[in-house]
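Notes follow once the structure below has been shown.
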Amino acid sequence: MKRDSDNGEGRVSSMDGMNTLEEAVEAETRAILDRIERLAMISALIMLCAAAWLAWPTLMSAMDGGSLIQGIGYSLIILTWGIFVQDLGLMDGRAKTRVAAVTTIAYLPILVMGIPHLFGDTLEFIGALLMICVSGSLFVSSRKMLIGGIEVMRFRSVMGLLSVAIAIPITIGNDLTQFSGILQLSFCGIGVLLVITDWFSSDNHRAERKLFDRRLNALENRILELKSQGSSVDQAASLIMTAREEGHRDPPWGMKLLNEAEEDIERSLSLAGDVEIIRDDALDSVETAENIAPIVKRPRKAWNMGIREVELGSLREGETLFRQAKKRANEIIEWWEKAENAIREGSAKLAKSDHPPVHLEELLVEAKKKLNSEQPKKAWELAIVIPNQLNASDDALDNAANSLKDAKRQLKAANGIHKSPLKERLVHAEKALESGDHAQAKGLADGVVREINSEREAMEDVRRALRQKVHLISRWNTRDDSQEWDAKLVELEKFADEKQWSHAAVLLERLTKELDSEGKAEEEANELLTYVKDGWKTLRNQCEASGIKATDDERRSCEEAVAIAEEAIKGGNIDHALESLGLADEFMEKLRRRV
């Protein structure tokens with residue numbers, strides 16, 4: 001048992017550890033995100049300060065009347081990047097897209113701005129190297145982030161075009177005859193080549209797109225050949241047209257559409273010869289059904305719809321409609337006459353009945369509606385049961401009449417019970433029987449019989465108990481709450497005098513159950529009292545031997561508690577007796593420690 005408990009504790013500990021681990025991972029993730037956000041905020045502030053420092057001379061010059069436009073280009077670039085640097089710590093796709101777009105746009109302008117300073121003094125050279133390193137990092141990041149399908153490549157090309165558009169004015173503003181100007185023009189030309197390459201370059205689905213184009217052209221040629229031969233392949237042509245519109249953007253989906261079109265072509269060619277046979281067979285069945293029931297229209301309607309679908313090129317739908325027309329026609333052929341005969345027989349039976357049941361008349365009306373809606377099988381299923389149910393209804397009426405007679409006889413012979421409500425129920429049963437509602441009449445009559453038998457049994461039980469009233473009273477006359485028990489007996493006698501025997505029987509059963517419960521509790525309390533008294537007798541002798549006299553407070557309190565418990569049990573106050581026995585046990589325990 002110890003090993004099992006240890007294992008159980010181990011399992012609980014492991015579960016607690018699992019919860020703690022998950023919470024720790026979530027806490028660590030939140031901490032990392034908080035640190036990234038703080039770093040992004042600090043970086044943005046540093047860039048703001050750097051932009052202000054870089055633009056300060058220009059701002060001071062502008063205050064003295066100089067030009068504000070010249071000299072703040074670098075500051076504006078730093079401020080722009082400070083806006084987007086806060087997106088670096090976010091994990092969603094929108095932030096990544098914005099960062100990728102900005103890196104693609106910014107790498108070339110930064111590069112061309114840094115190239116002229118390569119040929120300056122040492123500080124300018126170091127700054128230019130830093131700008132070139134930043135430009136290279138932005139370029140690599142942009143190429144890694146913007147990679148994927150043709151949409152992504154086109155987006156990267158557009159962003160690259162914006163980068164070239166920004167870099168060319170910066171380049172033109174310098175002296176193009178110097179080596180730095182030539183380098184700037186060279187890198188702008190490389191940027192233009194990258195833009196063109198990204199726009200026309202291959203993507204992840206280029207091979208699938210080529211295969212799709214070849215297969216699309218082959219299927220289009222086949223469709224033209226089949227149409228020239230008179231084959232109906234309109235549905236396949238529709239699928240191919242959809243594939244041409246959507247397949248270049250999503251080659252796998254386009255290939256799936258082409259597979260469906262090719263499958264439809266093969267099925268159409270294989271069905272072309274069979275559809276005529278199915279059409280003629282369905283037409284024979286439809287004409288036979290129309291000869292049996294000239295009013296039917298559903299088989300012919302389905303056959304005409306099948307002809308229309310075949311003419312439009314949907315052979316599968318046409319075949320389905322031909323089969324449906326044949327199925328409807330066969331149902332008419334097999335069940336129409338049977339349904340008419342069943343309805344005719346049911347109508348005759350109901351006309352001969354003196355009290356035709358309402359539900360059977362409604363059933364006959366429903367069967368006629370089904371027949372008019374060209375559902376002869378369902379109409380036959382509804383109408384065929386009417387004669388049997390009508391015969392069963394006649395038998396049920398006889399049974400209900402016999403039950404009503406038996407209920408009247410038993411009610412007349414019943415003495416000592418309250419008959420007025422039962423007589424009213426029998427009156428309702430007679431009215432229900434006269435209106436043809438045999439089920440209600442029989443139910444009311446049987447209910448009266450059950451009520452009579454129940455009242456008789458309850459009357460016998462209550463009268464038997466009242467004859468032994470002295471024995472009942474003796475079970476509580478010595479209790480302290482004897483008046484409450486007397487009140488319950490008086491209430492029982494009141495309902496007995498009013499001949500409400502069922503309610504009186506319920507009160508009698510409740511009274512006897514409560515007495516039995518109290519008697520059992522009193523018996524258990526007596527057993528406990530005997531056990532305490534035996535223990536106290538032994539302990540009292542030990543107290544005498546130990547010098548604990550009768551004047552001792554604890555001994556006197558124990559004697560008092562035992563006496564109170566004994567009196568409480570005699571008075572029927574079991575709860576008070578148990579409380580006193582508990583106190584006696586406490587005092588006995590204290591005396592045992594002293595002995």
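Here's how to read the names in the structure tokens: chain A, B, ... by the order shown, residue numbers from 1 in each chain, ligand numbers from 1 in the order shown.
Residues surrounding Ser163 of chain A within 8 Å are Thr104, Ile105, Ala106, Tyr107, Leu108, Pro109, Met159 and Ala167 of chain A [only C-alpha atoms; sequence separation below 4 positions excluded].
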For Ala465 of chain A, the nearest of the candidates A:Ala505, A:Ile147, A:Ile196, A:Ala128, counting only C-alpha atoms: A:Ala505
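Among the candidates A:Ala236, A:Val112, A:Leu21, A:Leu363, the one nearest to Glu262 of chain A when counting only C-alpha atoms is A:Ala236.
Here atom CA of Ser546 of chain A stands at a distance of 14.3 Å from atom CA of Met588 of chain A.
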Residue contacts of Ala339 of chain A (8 Å, only C-alpha atoms) excluding same-chain residues fewer than 6 positions away, as number ranges by chain: A: 371, 376-377, 379-381, 383
Same residues, N, CA and C atoms, saved as a tab-separated table (two decimals), in the first residue's frame:
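As written to disk, result.tsv reads:
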chain	number	residue	atom	x	y	z
A	371	LEU	N	-51.01	9.82	-53.94
A	371	LEU	CA	-51.28	9.29	-55.27
A	371	LEU	C	-51.33	10.43	-56.30
A	376	PRO	N	-47.18	6.46	-55.85
A	376	PRO	CA	-48.15	5.39	-55.61
A	376	PRO	C	-47.72	4.41	-54.53
A	377	LYS	N	-46.43	4.17	-54.39
A	377	LYS	CA	-46.00	3.22	-53.38
A	377	LYS	C	-46.33	3.72	-51.98
A	379	ALA	N	-48.61	5.92	-51.28
A	379	ALA	CA	-50.07	5.94	-51.17
A	379	ALA	C	-50.60	4.56	-50.82
A	380	TRP	N	-50.04	3.52	-51.43
A	380	TRP	CA	-50.47	2.14	-51.12
A	380	TRP	C	-50.13	1.78	-49.69
A	381	GLU	N	-48.93	2.17	-49.22
A	381	GLU	CA	-48.53	1.87	-47.84
A	381	GLU	C	-49.46	2.53	-46.83
A	383	ALA	N	-52.77	3.47	-47.51
A	383	ALA	CA	-54.15	3.03	-47.65
A	383	ALA	C	-54.35	1.57	-47.26
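Of the listed residues A:Lys488, A:Arg450, A:Arg316, A:His117, the one whose atoms come nearest to Ala504 of chain A is A:Lys488, with distances taken using only C-alpha atoms.
Each of A:Ala289, A:Ala525, A:Leu211, A:Val595 was checked against Asp575 of chain A using only C-alpha atoms; the smallest atom-to-atom distance is that of A:Ala525.
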Arg593 of chain A surroundings by only C-alpha atoms, 12 Å radius, close-in-sequence under 6 positions cut, as a PyMOL selection string: chain A and resi 539+542-543+546+554+586-587
Keeping N, CA and C atoms, export the residues of the selection given above as a compact mmCIF listing (two decimals), in the first residue's frame.
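Below is the file result26.txt, written as the result:
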# COMPACT_ATOMS: atom_id res chain seq x y z
N LEU A 539 -13.97 1.90 35.49
CA LEU A 539 -13.15 3.07 35.77
C LEU A 539 -13.44 3.66 37.14
N GLN A 542 -11.48 1.89 39.69
CA GLN A 542 -10.08 2.30 39.62
C GLN A 542 -9.88 3.67 40.24
N CYS A 543 -10.87 4.55 40.09
CA CYS A 543 -10.76 5.87 40.73
C CYS A 543 -10.78 5.74 42.25
N SER A 546 -7.46 4.71 43.37
CA SER A 546 -6.43 5.74 43.19
C SER A 546 -6.69 6.97 44.04
N GLU A 554 -14.23 16.11 37.97
CA GLU A 554 -14.30 15.33 36.73
C GLU A 554 -15.13 14.07 36.92
N GLU A 586 -15.29 11.90 27.16
CA GLU A 586 -14.15 12.81 27.36
C GLU A 586 -13.71 12.82 28.83
N PHE A 587 -14.68 12.87 29.74
CA PHE A 587 -14.31 12.88 31.16
C PHE A 587 -13.67 11.55 31.56
Contact residues around segment 224-226 of chain A with only C-alpha atoms at 10 Å, ignoring same-chain residues under 6 positions, as JSON, numbers by chain: {"A": [232, 233, 237, 265, 269]}
Alpha helix (DSSP H) positions in segment 123-263 of chain A, given as a count of residues only: 117
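Coordinates place atom CA of Ala584 of chain A at a distance of 10.6 Å from atom CA of Gly535 of chain A.
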Shell of 12 Å around segment 589-591 of chain A, only C-alpha atoms, local chain residues under 6 positions omitted, as a ChimeraX atom specification: /A:532,535-536,538-544,546-549,552-559,582-583
Would you export the selected residues with N, CA and C atoms as an mmCIF file, in the first residue's frame, please?
data_model
loop_
_atom_site.group_PDB
_atom_site.id
_atom_site.type_symbol
_atom_site.label_atom_id
_atom_site.label_comp_id
_atom_site.auth_asym_id
_atom_site.auth_seq_id
_atom_site.Cartn_x
_atom_site.Cartn_y
_atom_site.Cartn_z
ATOM 1 N N VAL A 532 -20.876 2.446 27.552
ATOM 2 C CA VAL A 532 -20.264 3.500 28.373
ATOM 3 C C VAL A 532 -20.441 3.194 29.851
ATOM 4 N N GLY A 535 -17.971 0.527 30.923
ATOM 5 C CA GLY A 535 -16.631 1.103 31.060
ATOM 6 C C GLY A 535 -16.518 2.006 32.263
ATOM 7 N N TRP A 536 -17.576 2.750 32.535
ATOM 8 C CA TRP A 536 -17.544 3.649 33.692
ATOM 9 C C TRP A 536 -17.526 2.868 34.997
ATOM 10 N N THR A 538 -16.087 0.031 35.596
ATOM 11 C CA THR A 538 -14.704 -0.406 35.826
ATOM 12 C C THR A 538 -13.824 0.779 36.203
ATOM 13 N N LEU A 539 -13.973 1.895 35.493
ATOM 14 C CA LEU A 539 -13.149 3.068 35.767
ATOM 15 C C LEU A 539 -13.442 3.655 37.137
ATOM 16 N N ARG A 540 -14.716 3.563 37.581
ATOM 17 C CA ARG A 540 -15.055 4.116 38.893
ATOM 18 C C ARG A 540 -14.345 3.355 40.000
ATOM 19 N N ASN A 541 -14.246 2.020 39.868
ATOM 20 C CA ASN A 541 -13.498 1.243 40.875
ATOM 21 C C ASN A 541 -12.030 1.628 40.881
ATOM 22 N N GLN A 542 -11.477 1.886 39.692
ATOM 23 C CA GLN A 542 -10.077 2.302 39.615
ATOM 24 C C GLN A 542 -9.877 3.672 40.244
ATOM 25 N N CYS A 543 -10.874 4.552 40.087
ATOM 26 C CA CYS A 543 -10.763 5.869 40.734
ATOM 27 C C CYS A 543 -10.779 5.744 42.245
ATOM 28 N N GLU A 544 -11.626 4.875 42.776
ATOM 29 C CA GLU A 544 -11.656 4.653 44.227
ATOM 30 C C GLU A 544 -10.317 4.159 44.721
ATOM 31 N N SER A 546 -7.462 4.712 43.369
ATOM 32 C CA SER A 546 -6.432 5.740 43.185
ATOM 33 C C SER A 546 -6.685 6.968 44.039
ATOM 34 N N GLY A 547 -7.709 6.974 44.816
ATOM 35 C CA GLY A 547 -7.976 8.097 45.707
ATOM 36 C C GLY A 547 -8.786 9.199 45.075
ATOM 37 N N ILE A 548 -9.388 8.943 43.942
ATOM 38 C CA ILE A 548 -10.248 9.953 43.308
ATOM 39 C C ILE A 548 -11.661 9.719 43.814
ATOM 40 N N LYS A 549 -12.096 10.583 44.729
ATOM 41 C CA LYS A 549 -13.366 10.383 45.433
ATOM 42 C C LYS A 549 -14.533 10.914 44.599
ATOM 43 N N ASP A 552 -14.763 14.597 43.455
ATOM 44 C CA ASP A 552 -13.901 15.135 42.403
ATOM 45 C C ASP A 552 -14.775 15.693 41.269
ATOM 46 N N ASP A 553 -14.351 16.849 40.733
ATOM 47 C CA ASP A 553 -15.162 17.534 39.711
ATOM 48 C C ASP A 553 -15.322 16.693 38.445
ATOM 49 N N GLU A 554 -14.230 16.111 37.970
ATOM 50 C CA GLU A 554 -14.304 15.334 36.729
ATOM 51 C C GLU A 554 -15.133 14.073 36.923
ATOM 52 N N ARG A 555 -14.985 13.427 38.085
ATOM 53 C CA ARG A 555 -15.778 12.213 38.338
ATOM 54 C C ARG A 555 -17.246 12.555 38.460
ATOM 55 N N ARG A 556 -17.538 13.667 39.165
ATOM 56 C CA ARG A 556 -18.927 14.079 39.315
ATOM 57 C C ARG A 556 -19.529 14.470 37.965
ATOM 58 N N SER A 557 -18.730 15.161 37.112
ATOM 59 C CA SER A 557 -19.234 15.543 35.793
ATOM 60 C C SER A 557 -19.508 14.323 34.928
ATOM 61 N N CYS A 558 -18.653 13.291 35.065
ATOM 62 C CA CYS A 558 -18.876 12.066 34.279
ATOM 63 C C CYS A 558 -20.143 11.360 34.724
ATOM 64 N N GLU A 559 -20.351 11.282 36.043
ATOM 65 C CA GLU A 559 -21.582 10.656 36.560
ATOM 66 C C GLU A 559 -22.809 11.406 36.047
ATOM 67 N N GLY A 582 -20.936 11.637 24.591
ATOM 68 C CA GLY A 582 -19.647 12.144 24.133
ATOM 69 C C GLY A 582 -18.907 12.865 25.249
ATOM 70 N N LEU A 583 -19.637 13.674 26.022
ATOM 71 C CA LEU A 583 -19.005 14.361 27.147
ATOM 72 C C LEU A 583 -18.527 13.359 28.200
#
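For the pair atom CA of Thr97 of chain A and atom CA of Lys210 of chain A, the separation is 29.0 Å.
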